[in-house]
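Peer 1: Quick one: the structure is below, and I'll ask about it shortly.
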Amino acid sequence: MSDFKSDFLHVLSTRGFIHQVSEPEALDDLARTSRITAYIGYDCTAPSLHIGHLLPTMMLYWLQQTGHRPIALMGGGTTRVGDPSGKDESRKVLSSEIINENLVSIRKTFSKFLKFESDGGNAVMANNADWLNTLNYIDFLRDVGRYFSVNRMLAFDSVKLRLERQHELSFLEFNYMILQAYDFAELNKRYGCTLQMGGSDQWGNIVNGIDLGRRLNNARLFALTAPLITTASGAKMGKTAAGAVWLNADLLSPYDYWQFWRNTEDGDVVRFLKLFTILPLEEVTRLAALQGGEINEAKKVLATEATALMHGRASAEQAADTAQKTFEQGALAENLPTVEVPRAELDTGLGVLTAFVTAGLVASNGEARRQIKAGGLKINDATITDEKTTLTTGALTPQGVIKLSLGKKKHVLIKPV
RNA sequence: GGGGGAGUGUCCCGAGUGGCAAAGGGGGCGGACUGUAAAUCCGCUGGCUAAGCCUUCGUAGGUUCGAGUCCUACCUCCCCCA
């Protein structure tokens, strides 16, 4: 598979991005001899992209880096329908207002990876609401619907699984793949887009678009999917206690983002370095040679590089520095997440339970009590044994803060104001 | 339209004879061991002003000292017949 001649496919292939490609030779030729335009569609179901979106987005990055033109397609229209792929449950129907807010919020992420025209690049940001919202039903059925065979649609995994497991699949969702296919054909017409990329679960939807493009525009279109990323121990990636690993800094701080990558399993480090950083492969190979505890060095590189890509080099270095002080020197790092508390509350004595809840380390007083019993809570690195303990100004460190810890990894500073 | 079945700790799957804050998993969190890893072992996994109180088994009523469990109506899903 790595005998691709075009830079684009060569890079994707050697870094481990490729799961399936339709007509690999033809696409390779096209990418070698011309500038291709490719797109990836994004849902607007949440106010931020998360780790799961990072892999496809890296493909757009490499696409542009190897001289081609990426389109980030926001699903302003399709999000109103909901993609049933890989899900048993129907999506909640989101209001147009929320979808729009999400869309605006998500847009910011792309500017980190892609150069748009405003930055002197050629990347395009499109929104399928532009053409989907104004579709006329009868016209659409006659022009597009005629090319879709229900027999065939029923055979697609996204549909088949629902039917087999006897889960509801509404007609609304059933139409999702038609709309996505239409997106591809429309982007081909508007921008000369000839390639759609996505996660492996998108294969069926993409192939539908290829067929429709041929029928509507007589165009030759291609599909390229990325593998579904699971961790070495088989868990789906991107879930933590706090929920999804968000890409927006206001939902997940650069420090926490760094920590996420730092805690990568051994078996994943090399793969992740290739996928989620832009380090040269020679460098990755060098890091791959590390054994045993030395792998931690590779993990730090992974964390810093991945964070730098997302939040900038400065934030990444700061996160690395904070982690180094906290974990390796046992020192108090001032850049740990900080929660401000009125000084008056410390004067009168703040209950530990309340303090940990306020800091966001535990969800309720009850959980705080349980954690104390289990020996999981610490004040300034001293394990709490009595839930009646109170925090006073006496607990302030020379730096004027109090360090609260949950377990070994989660720390929050309390700062009086 | 007729007949049959199902909805359980709001993360998921799932047991449940009228005494149930409700078995068991998975996941998650904490502890031990480590390398901020994995594996393994142990503990925890509704809320509160906590030997008590409050809220939970699709929804709303009812029977009962007491209901996830019985009755009625309704909602949603599945299967068979039309």
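Within each chain, counting starts at residue 1; across the structure tokens, chains are named A, B, ... in the order shown, with ligands numbered 1 upward in that order.
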Please identify all residues of chain B having at least one atom at most 12 Å from any atom of chain A, considering only C-alpha atoms (C1' of nucleotides), and return them as a list in words.
Peer 2: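 Contact residues on the first chain: C11, G26, G27, G28, C29, G30, G31, A32, U34, G35, U36, A37, A38, A39, C42, G43, C44, U45, G46, G47, C48, U49, A50, U76, C77, C78 and C79 of chain B.
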Peer 1: Show which residues sit within 9 Å of region 4-8 of chain A, as a ChimeraX atom specification. Count only C-alpha atoms (C1' of nucleotides), and ignore same-chain residues fewer than 5 positions away.
Peer 2: /A:13,24-25,27-33,62-68
Peer 1: Would you mind reading off the distance between CA of Thr79 (chain A) and CA of Ser253 (chain A), one decimal, in Å?
Peer 2: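 Answer for the CA of Thr79 (chain A) to CA of Ser253 (chain A) separation: 26.8 Å.
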Peer 1: I'd like the interatomic distance between CA of Leu396 (chain A) and CA of Ala320 (chain A), to a tenth of an Å.
Peer 2: 24.9 Å
Peer 1: Which residue, A:Ala185, A:Val207, A:Met74, A:Ile229, has the smallest gap to Leu55 (chain A) when you use only C-alpha atoms?
Peer 2: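 So, comparing all the options, the nearest one is A:Ile229.
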Peer 1: What are the DSSP alpha helix (DSSP H) residues of region 148-297 of chain A, as a PyMOL selection string?
Peer 2: chain A and resi 150-153+157-164+171-174+176-191+203-217+254-262+269-276+281-288+295-297
Peer 1: What does the distance between CA of Asn175 (chain A) and CA of Asp139 (chain A) come to in Å, to one decimal place?
Peer 2: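 Answer for the CA of Asn175 (chain A) to CA of Asp139 (chain A) separation: 15.2 Å.
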Peer 1: Given the choices B:C74, B:G1, B:A21, B:C41, which gets closest to C54 (chain B) if the distance is worked out from only C-alpha atoms (C1' of nucleotides)?
Peer 2: B:A21
Peer 1: With only C-alpha atoms (C1' of nucleotides) as the counted atoms, please give the residues lying no more than 9 Å from Asn248 (chain A), apart from itself and same-chain residues fewer than 6 positions off, as a PDB file with N, CA and C atoms, in the first residue's frame.
Peer 2:
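Result written to out-v7.pdb:
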ATOM      1  N   PRO A  47     -20.863  22.008  20.372  1.00  0.00           N
ATOM      2  CA  PRO A  47     -20.213  23.302  20.185  1.00  0.00           C
ATOM      3  C   PRO A  47     -18.716  23.211  19.899  1.00  0.00           C
ATOM      4  N   SER A  48     -18.190  22.018  19.900  1.00  0.00           N
ATOM      5  CA  SER A  48     -16.769  21.881  19.605  1.00  0.00           C
ATOM      6  C   SER A  48     -16.540  20.529  18.955  1.00  0.00           C
ATOM      7  N   LEU A  49     -15.507  20.435  18.164  1.00  0.00           N
ATOM      8  CA  LEU A  49     -15.088  19.123  17.684  1.00  0.00           C
ATOM      9  C   LEU A  49     -14.393  18.416  18.841  1.00  0.00           C
ATOM     10  N   HIS A  50     -14.289  17.107  18.748  1.00  0.00           N
ATOM     11  CA  HIS A  50     -13.534  16.397  19.773  1.00  0.00           C
ATOM     12  C   HIS A  50     -12.475  15.530  19.110  1.00  0.00           C
ATOM     13  N   SER A 105     -18.849  28.104  16.402  1.00  0.00           N
ATOM     14  CA  SER A 105     -17.832  27.722  17.375  1.00  0.00           C
ATOM     15  C   SER A 105     -16.818  26.737  16.779  1.00  0.00           C
ATOM     16  N   ILE A 106     -17.296  25.831  15.979  1.00  0.00           N
ATOM     17  CA  ILE A 106     -16.429  24.803  15.399  1.00  0.00           C
ATOM     18  C   ILE A 106     -15.474  25.395  14.366  1.00  0.00           C
ATOM     19  N   LYS A 108     -13.684  27.865  14.261  1.00  0.00           N
ATOM     20  CA  LYS A 108     -12.402  28.364  14.764  1.00  0.00           C
ATOM     21  C   LYS A 108     -11.339  27.277  14.737  1.00  0.00           C
ATOM     22  N   THR A 109     -11.782  26.055  14.979  1.00  0.00           N
ATOM     23  CA  THR A 109     -10.821  24.960  15.040  1.00  0.00           C
ATOM     24  C   THR A 109     -10.087  24.773  13.714  1.00  0.00           C
ATOM     25  N   PRO A 254      -5.750  23.608  27.558  1.00  0.00           N
ATOM     26  CA  PRO A 254      -4.544  23.039  26.945  1.00  0.00           C
ATOM     27  C   PRO A 254      -3.825  22.108  27.912  1.00  0.00           C
ATOM     28  N   MET A 310      -2.654  22.127  18.234  1.00  0.00           N
ATOM     29  CA  MET A 310      -4.028  22.537  18.521  1.00  0.00           C
ATOM     30  C   MET A 310      -4.086  23.900  19.202  1.00  0.00           C
ATOM     31  N   HIS A 311      -3.256  24.095  20.205  1.00  0.00           N
ATOM     32  CA  HIS A 311      -3.386  25.295  21.045  1.00  0.00           C
ATOM     33  C   HIS A 311      -2.189  26.228  20.931  1.00  0.00           C
TER      34      HIS A 311
END
Peer 1: Enumerate, as a list in words, the complete set of residues in region 253-378 of chain A that a backbone-based DSSP assignment places in strand (DSSP E or B).
Peer 2: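 Residues of region 253-378 of chain A classed as strand (DSSP E or B): Thr338, Val339, Glu340, Val341, Leu350, Gly351, Leu377 and Lys378 of chain A.
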Peer 1: Give me, as number ranges by chain, all polymer residues having an atom no more than 12 Å from Ala314 (chain A), counting only C-alpha atoms (C1' of nucleotides) and skipping those fewer than 4 positions away in the same chain.
Peer 2: A: 254-255, 304-305, 307-310, 318-321
Peer 1: With only C-alpha atoms (C1' of nucleotides) as the counted atoms, please give the residues lying no more than 12 Å from region 69-71 of chain B, apart from itself and same-chain residues fewer than 2 positions off, as a VMD selection string.
Peer 2: chain B and resid 8 16 to 20 22 57 61 to 64 67 73
